[in-house]
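Source file: protein38.txt. Holds: compact mmCIF, C-alpha atoms and all ligand atoms.
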```txt
# COMPACT_ATOMS: atom_id res chain seq x y z
CA MET A 12 -26.36 25.06 -10.41
CA GLN A 13 -25.44 23.02 -13.39
CA TRP A 14 -22.49 21.21 -11.84
CA ARG A 15 -24.80 19.60 -9.32
CA ASN A 16 -25.97 17.35 -12.12
CA ASN A 17 -22.47 16.50 -13.13
CA PRO A 18 -20.34 14.91 -10.41
CA GLY A 19 -17.43 14.94 -12.87
CA SER A 20 -17.35 18.74 -12.72
CA VAL A 21 -17.12 18.66 -8.96
CA ARG A 22 -14.30 16.20 -9.23
CA ASN A 23 -12.57 18.37 -11.82
CA ALA A 24 -12.97 21.48 -9.70
CA LEU A 25 -11.60 19.66 -6.69
CA GLY A 26 -8.79 18.37 -8.87
CA VAL A 27 -7.85 21.86 -9.97
CA ALA A 28 -7.85 23.04 -6.37
CA LEU A 29 -5.67 20.13 -5.30
CA ILE A 30 -3.30 20.71 -8.19
CA TRP A 31 -2.95 24.29 -7.03
CA VAL A 32 -2.18 23.16 -3.49
CA ALA A 33 0.13 20.44 -4.78
CA SER A 34 1.98 22.88 -6.99
CA ALA A 35 2.58 25.09 -4.00
CA PHE A 36 3.97 22.37 -1.76
CA TRP A 37 5.04 19.30 -3.68
CA LEU A 38 6.99 20.41 -6.69
CA PRO A 39 10.78 20.30 -6.29
CA PRO A 40 12.66 23.42 -5.27
CA ALA A 41 13.15 25.89 -8.06
CA GLU A 42 16.66 26.66 -9.27
CA ALA A 43 16.57 29.99 -7.51
CA VAL A 44 14.85 30.33 -4.17
CA ALA A 45 12.42 33.25 -4.16
CA ASP A 46 13.36 34.61 -0.75
CA GLY A 47 17.06 34.61 -1.59
CA SER A 48 18.01 31.91 0.93
CA THR A 49 20.59 29.29 -0.05
CA PRO A 50 19.08 26.18 -1.62
CA SER A 51 19.66 23.10 0.50
CA SER A 52 22.44 20.84 -0.68
CA PHE A 53 22.16 17.10 -1.16
CA ASP A 54 22.50 15.71 2.34
CA THR A 55 19.78 13.19 3.24
CA VAL A 56 19.20 9.80 1.65
CA VAL A 57 16.27 7.56 2.59
CA LEU A 58 16.96 3.84 2.26
CA ASP A 59 14.01 1.49 2.14
CA ALA A 60 14.79 -2.17 2.70
CA GLY A 61 11.76 -3.94 1.19
CA HIS A 62 9.44 -6.27 3.14
CA GLY A 63 10.20 -7.35 6.74
CA GLY A 64 8.55 -9.29 9.58
CA GLU A 65 5.81 -11.61 8.34
CA ASP A 66 6.21 -10.13 4.84
CA LYS A 67 9.19 -12.18 3.72
CA GLY A 68 9.26 -11.13 0.05
CA ALA A 69 10.85 -13.50 -2.47
CA ARG A 70 12.55 -16.73 -1.42
CA GLY A 71 15.56 -18.29 -3.13
CA SER A 72 15.66 -22.00 -3.86
CA LYS A 73 18.51 -22.31 -1.34
CA GLY A 74 16.39 -20.49 1.21
CA LEU A 75 17.69 -16.91 0.99
CA LEU A 76 14.88 -14.51 1.98
CA GLU A 77 14.47 -11.18 0.22
CA LYS A 78 13.64 -9.36 3.49
CA ASP A 79 16.96 -10.44 5.08
CA LEU A 80 19.07 -9.83 1.99
CA VAL A 81 17.80 -6.32 1.27
CA LEU A 82 18.14 -5.20 4.90
CA ASP A 83 21.75 -6.37 4.93
CA VAL A 84 22.52 -4.58 1.64
CA ALA A 85 20.72 -1.42 2.86
CA ASN A 86 22.84 -1.46 6.03
CA ARG A 87 26.03 -1.71 3.96
CA VAL A 88 24.91 1.22 1.78
CA ALA A 89 23.93 3.26 4.85
CA SER A 90 27.24 2.81 6.58
CA SER A 91 29.20 3.83 3.50
CA LEU A 92 27.02 6.87 2.77
CA ARG A 93 27.42 8.02 6.39
CA LYS A 94 31.20 7.73 6.02
CA ASN A 95 30.80 10.08 3.05
CA GLY A 96 29.14 12.65 5.28
CA LEU A 97 25.52 12.05 4.30
CA THR A 98 22.57 11.65 6.64
CA VAL A 99 20.82 8.33 6.10
CA VAL A 100 17.27 7.58 7.21
CA MET A 101 16.13 3.96 7.05
CA THR A 102 12.48 2.96 6.82
CA ARG A 103 13.36 -0.13 8.88
CA GLU A 104 16.51 -1.17 10.69
CA ASP A 105 15.45 -4.61 11.80
CA ASP A 106 13.19 -7.48 10.81
CA ARG A 107 9.77 -5.89 11.18
CA PHE A 108 6.72 -5.30 9.05
CA ILE A 109 6.24 -1.72 7.84
CA ALA A 110 3.28 -0.86 5.58
CA LEU A 111 4.13 0.60 2.17
CA GLU A 112 2.37 3.89 2.93
CA LYS A 113 4.27 4.19 6.21
CA ARG A 114 7.55 3.91 4.31
CA THR A 115 6.47 6.82 2.10
CA SER A 116 5.58 8.95 5.11
CA ILE A 117 8.88 8.18 6.86
CA ALA A 118 10.65 9.37 3.69
CA ASN A 119 8.62 12.57 3.42
CA ASP A 120 8.93 13.38 7.14
CA SER A 121 12.69 13.14 6.82
CA ARG A 122 12.69 15.60 3.91
CA GLY A 123 15.14 13.38 2.09
CA ASP A 124 16.83 14.33 -1.17
CA LEU A 125 16.70 10.81 -2.60
CA PHE A 126 14.64 7.69 -1.82
CA ILE A 127 16.02 4.27 -2.75
CA SER A 128 13.88 1.18 -2.26
CA ILE A 129 15.92 -2.03 -2.34
CA HIS A 130 14.35 -5.34 -3.41
CA ALA A 131 15.21 -8.68 -4.96
CA ASN A 132 13.35 -10.15 -7.89
CA ALA A 133 11.54 -13.43 -8.53
CA THR A 134 10.01 -14.98 -11.60
CA ALA A 135 8.74 -18.35 -12.80
CA ASP A 136 11.54 -18.63 -15.39
CA ARG A 137 14.57 -19.71 -13.35
CA ASP A 138 16.99 -18.80 -16.13
CA VAL A 139 16.18 -15.10 -15.82
CA ARG A 140 18.79 -13.19 -13.85
CA GLY A 141 20.27 -9.70 -13.52
CA ILE A 142 19.56 -6.27 -12.15
CA GLU A 143 16.68 -3.94 -12.94
CA THR A 144 16.25 -0.36 -11.79
CA PHE A 145 12.83 1.27 -11.76
CA PHE A 146 11.34 4.68 -11.39
CA LEU A 147 7.70 5.45 -10.92
CA ALA A 148 5.18 5.71 -13.71
CA LEU A 149 1.46 5.07 -13.73
CA ASP A 150 1.87 2.73 -16.69
CA ALA A 151 4.48 -0.01 -16.67
CA SER A 152 7.06 0.13 -19.46
CA ASP A 153 6.47 -3.54 -20.36
CA ASP A 154 4.77 -6.72 -19.12
CA SER A 155 7.65 -7.88 -16.99
CA ALA A 156 7.88 -4.44 -15.30
CA SER A 157 4.16 -4.66 -14.63
CA ALA A 158 4.60 -8.11 -13.06
CA VAL A 159 7.37 -6.83 -10.77
CA ALA A 160 5.20 -3.93 -9.56
CA LYS A 161 2.25 -6.25 -9.00
CA ARG A 162 4.38 -8.57 -6.87
CA GLU A 163 6.05 -5.79 -4.87
CA ASN A 164 2.72 -4.03 -4.27
CA GLN A 165 1.31 -7.12 -2.58
CA ALA A 166 2.84 -6.36 0.80
CA LEU A 167 0.74 -7.65 3.65
CA GLY A 168 -1.78 -5.19 4.95
CA HIS A 169 -1.74 -3.09 1.81
CA SER A 170 -5.27 -2.43 0.61
CA PRO A 171 -5.43 -1.19 -2.99
CA LYS A 172 -7.30 2.04 -3.63
CA LYS A 173 -10.92 1.76 -4.70
CA PRO A 174 -11.14 1.61 -8.50
CA SER A 175 -13.45 4.64 -8.53
CA ASP A 176 -10.69 6.73 -6.98
CA ASP A 177 -8.06 5.61 -9.44
CA ALA A 178 -8.51 8.17 -12.21
CA PHE A 179 -8.61 11.01 -9.73
CA MET A 180 -5.66 9.75 -7.73
CA ALA A 181 -3.80 9.10 -10.96
CA MET A 182 -4.18 12.74 -11.93
CA ILE A 183 -2.86 13.93 -8.57
CA GLY A 184 -0.19 11.25 -8.47
CA ASP A 185 0.93 12.22 -11.95
CA LEU A 186 1.40 15.78 -10.88
CA ILE A 187 3.55 14.81 -7.92
CA VAL A 188 5.57 12.34 -9.92
CA THR A 189 6.23 14.68 -12.82
CA GLY A 190 8.00 17.09 -10.51
CA HIS A 191 10.69 14.50 -9.76
CA MET A 192 10.44 12.36 -12.86
CA GLU A 193 13.60 13.61 -14.54
CA GLU A 194 15.78 13.26 -11.47
CA SER A 195 14.30 9.84 -10.63
CA ASN A 196 15.13 8.74 -14.16
CA GLU A 197 18.62 10.17 -13.80
CA PHE A 198 19.29 8.26 -10.58
CA ALA A 199 17.88 5.04 -12.04
CA ARG A 200 20.28 5.35 -15.00
CA LEU A 201 23.27 6.09 -12.76
CA ALA A 202 22.37 3.14 -10.54
CA GLN A 203 21.92 0.80 -13.48
CA ARG A 204 25.24 1.91 -14.97
CA GLU A 205 27.10 1.27 -11.69
CA LEU A 206 25.25 -1.90 -10.69
CA ALA A 207 25.20 -3.70 -13.98
CA PRO A 208 27.61 -2.38 -16.58
CA GLY A 209 27.84 -5.76 -18.30
CA PRO A 210 25.66 -8.75 -19.12
CA ASP A 211 23.75 -8.50 -15.82
CA ALA A 212 21.99 -5.37 -17.07
CA ARG A 213 18.27 -5.64 -17.58
CA GLY A 214 17.89 -1.89 -17.86
CA VAL A 215 15.91 0.99 -16.49
CA LYS A 216 12.17 0.44 -16.42
CA GLN A 217 9.07 2.21 -15.20
CA ALA A 218 6.16 0.80 -13.23
CA PRO A 219 3.48 1.85 -10.72
CA PHE A 220 5.02 0.97 -7.35
CA VAL A 221 2.87 1.87 -4.35
CA VAL A 222 5.94 2.57 -2.20
CA LEU A 223 7.14 5.26 -4.65
CA GLU A 224 3.74 6.95 -5.03
CA GLY A 225 3.58 10.20 -3.13
CA VAL A 226 7.29 10.23 -2.30
CA GLN A 227 8.16 13.92 -2.43
CA MET A 228 11.73 13.51 -3.66
CA PRO A 229 13.52 11.75 -6.52
CA SER A 230 12.98 8.03 -6.01
CA SER A 231 13.92 4.68 -7.42
CA LEU A 232 13.32 0.99 -6.73
CA VAL A 233 16.24 -1.32 -7.39
CA GLU A 234 15.83 -5.07 -7.92
CA ILE A 235 19.33 -6.29 -7.09
CA GLY A 236 18.99 -9.74 -8.66
CA PHE A 237 16.69 -12.74 -9.04
CA LEU A 238 16.39 -15.04 -6.03
CA THR A 239 14.76 -17.54 -8.39
CA ASN A 240 18.05 -17.82 -10.32
CA LEU A 241 20.75 -20.02 -8.75
CA GLN A 242 23.66 -17.89 -9.96
CA ASP A 243 22.12 -14.65 -8.65
CA GLU A 244 21.14 -16.27 -5.35
CA LYS A 245 24.68 -17.58 -4.88
CA SER A 246 26.26 -14.18 -5.55
CA LEU A 247 23.76 -12.40 -3.29
CA SER A 248 24.41 -14.92 -0.51
CA ASN A 249 28.04 -13.99 -0.08
CA GLU A 250 29.77 -10.98 1.37
CA SER A 251 31.59 -9.94 -1.82
CA GLY A 252 28.41 -10.02 -3.94
CA ARG A 253 26.57 -7.85 -1.40
CA ASN A 254 29.48 -5.43 -1.06
CA ARG A 255 29.67 -5.08 -4.83
CA ILE A 256 25.97 -4.12 -4.98
CA ALA A 257 26.29 -1.73 -2.02
CA ALA A 258 29.38 -0.02 -3.44
CA ALA A 259 27.64 0.48 -6.80
CA LEU A 260 24.61 2.06 -5.11
CA VAL A 261 26.90 4.35 -3.12
CA ARG A 262 28.78 5.49 -6.25
CA ALA A 263 25.48 6.19 -8.03
CA THR A 264 24.17 8.12 -5.01
CA LEU A 265 27.31 10.26 -4.66
CA GLU A 266 27.32 11.09 -8.37
CA PHE A 267 23.61 11.92 -8.21
CA GLY A 268 24.34 14.18 -5.22
CA ARG A 269 27.08 16.02 -7.12
CA ARG A 270 24.73 16.66 -10.05
CA TYR A 271 21.89 17.62 -7.68
CA ASP A 272 24.08 20.22 -5.98
CA ALA A 273 25.43 21.54 -9.27
CA ARG A 274 21.86 22.12 -10.51
CA ARG A 275 20.80 23.92 -7.35
CA GLY A 276 24.03 25.80 -6.75
CA GLY A 277 24.55 23.95 -3.45
CA THR A 278 27.86 22.96 -1.95
CA ASN A 279 30.13 20.68 -3.89
CA ARG A 280 30.99 17.51 -2.13
ZN ZN B 1 10.46 -6.98 -2.94
```
Translate this file's structure into structure tokens.
Ligand SMILES: [Zn+2]
Amino acid sequence: MQWRNNPGSVRNALGVALIWVASAFWLPPAEAVADGSTPSSFDTVVLDAGHGGEDKGARGSKGLLEKDLVLDVANRVASSLRKNGLTVVMTREDDRFIALEKRTSIANDSRGDLFISIHANATADRDVRGIETFFLALDASDDSASAVAKRENQALGHSPKKPSDDAFMAMIGDLIVTGHMEESNEFARLAQRELAPGPDARGVKQAPFVVLEGVQMPSSLVEIGFLTNLQDEKSLSNESGRNRIAAALVRATLEFGRRYDARRGGTNR
């Protein structure tokens, strides 16, 4: 048969088959559920505190570690969301290493309605400060977004995919992402608006984060400030700075939930 001489055809055929399977299982719920059952309302949020254990993440010049900061902020967000009646699943609740792919599978197993990965930024230019919110894309929106993804993807124990698999995986990944792209973008914008309404805003960006790949729900990665900037490190070191960030993430999540339910005809919170 002709395709035997053309491995690309085999790959394409396999791709089509996988797209079919993916379409059946991975696309978000339709507005109306075919069997007439009530669509599920927004009730489960997955919080991912970046890094942990031997993977310390960024380090501030005064010694603040990203892994400790983001776990503390995630805990503050979790407790407030739970008070608002939501179920919160955390990818880690203490100082331990969790592989990026494991975080994704924890999120998917929990069938969450929203995945928020919380990180802190670092860069060589110590004057750079502020908050950036990302959602997944295969191509970064600019060079600095690309640099952030590269740094965050370097978690210990993460082995990048073989280059030969990239185009194929990109095609499949693209399909999965597209299903939640609009809602991920929407959450990122709500989060950015609440977190950084003023001069701290660095905007919504897109980049290829491993931890967001394959997440079967709207997802976003928030960089809550630059540990390499003294002003940001100082504000993130104190209780009021952390509470301000947590409260903003909670407001964005609740507003996202209201819109999510309105779209699906779920219960209004
Ligand atoms: Zn990080």
Mind listing the residues within 8 Å of ligand ZN 1 (chain B), only C-alpha atoms and all ligand atoms counted, as an mmCIF file with C-alpha atoms, keeping the file's coordinate frame?
```
data_model
loop_
_atom_site.group_PDB
_atom_site.id
_atom_site.type_symbol
_atom_site.label_atom_id
_atom_site.label_comp_id
_atom_site.auth_asym_id
_atom_site.auth_seq_id
_atom_site.Cartn_x
_atom_site.Cartn_y
_atom_site.Cartn_z
ATOM 1 C CA GLY A 61 11.760 -3.940 1.190
ATOM 2 C CA HIS A 62 9.440 -6.270 3.140
ATOM 3 C CA GLY A 68 9.260 -11.130 0.050
ATOM 4 C CA ALA A 69 10.850 -13.500 -2.470
ATOM 5 C CA GLU A 77 14.470 -11.180 0.220
ATOM 6 C CA LYS A 78 13.640 -9.360 3.490
ATOM 7 C CA ILE A 129 15.920 -2.030 -2.340
ATOM 8 C CA HIS A 130 14.350 -5.340 -3.410
ATOM 9 C CA ALA A 131 15.210 -8.680 -4.960
ATOM 10 C CA ASN A 132 13.350 -10.150 -7.890
ATOM 11 C CA ARG A 162 4.380 -8.570 -6.870
ATOM 12 C CA GLU A 163 6.050 -5.790 -4.870
ATOM 13 C CA GLU A 234 15.830 -5.070 -7.920
#
```
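Proximity ranking of A:Gly96, A:Pro208, A:Gly225, A:Gly123 relative to Leu149 (chain A) places A:Gly225 first, based on only C-alpha atoms.
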Give the answer as one residue: which of A:Glu143, A:Asp79, A:Asp124, A:Glu266 has the shortest atom-to-atom distance to Leu58 (chain A), using all atoms listed in the file?
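Checking each of A:Glu143, A:Asp79, A:Asp124, A:Glu266 against Leu58 (chain A), counting all atoms listed in the file, the winner is A:Asp124.
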With all atoms listed in the file as the basis for distance, which of A:Met228, A:Ala158, A:Val221, A:Ala202 is at the shortest distance from Ile256 (chain A)?
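Of the candidates, the smallest distance to Ile256 (chain A) is held by A:Ala202.
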If we count only C-alpha atoms and set the cut-off at 9 Å, which residues sit around Ser128 (chain A), ignoring sequence neighbours fewer than 2 positions away in its own chain? Please answer as number ranges by chain.
A: 57-61, 85, 126, 130, 222-223, 230-234
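Distances to Ile142 (chain A) were evaluated for A:Lys161, A:His191, A:Arg262, A:Arg204 using all atoms listed in the file, and the minimum falls at A:Arg204.
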Would you compute an axis-aligned box for region 49-59 of chain A, covering every atom listed for it in the file with 4 Å of margin on each side, and report centre and edge lengths in Å to one decimal as AutoDock Vina command-line options?
```
--center_x 18.3 --center_y 15.4 --center_z 0.8 --size_x 16.5 --size_y 35.8 --size_z 12.9
```
May I have the residues within 6 Å of Ala148 (chain A) as a compact mmCIF listing (two decimals) with C-alpha atoms, in the frame of the given file, using only C-alpha atoms and disregarding those fewer than 6 positions away in the same chain?
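Saved result, around32.txt, follows:
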```txt
# COMPACT_ATOMS: atom_id res chain seq x y z
CA GLN A 217 9.07 2.21 -15.20
CA ALA A 218 6.16 0.80 -13.23
CA PRO A 219 3.48 1.85 -10.72
```
Measuring between only C-alpha atoms, which one of A:Arg270, A:Arg137, A:Arg103, A:Arg87 shows the shortest distance to Gly236 (chain A)?
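With only C-alpha atoms as the atom set, the closest residue is A:Arg137.
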One decimal, Å: what's the distance from CA of Phe267 (chain A) over to CA of Asn95 (chain A), could you say?
13.5 Å
Point-to-point distance from CA of Gly71 (chain A) to CA of Phe237 (chain A), Å rounded to tenths
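One can read the CA of Gly71 (chain A) to CA of Phe237 (chain A) distance as 8.2 Å.
Put simply, CA of Leu125 (chain A) is 14.0 Å away from CA of Arg200 (chain A).
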For Leu97 (chain A), which of A:Asp136, A:Asp120, A:Asp54, A:Asp83 is the closest residue, counting all atoms listed in the file?
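Ranking A:Asp136, A:Asp120, A:Asp54, A:Asp83 by distance to Leu97 (chain A), first place goes to A:Asp54.
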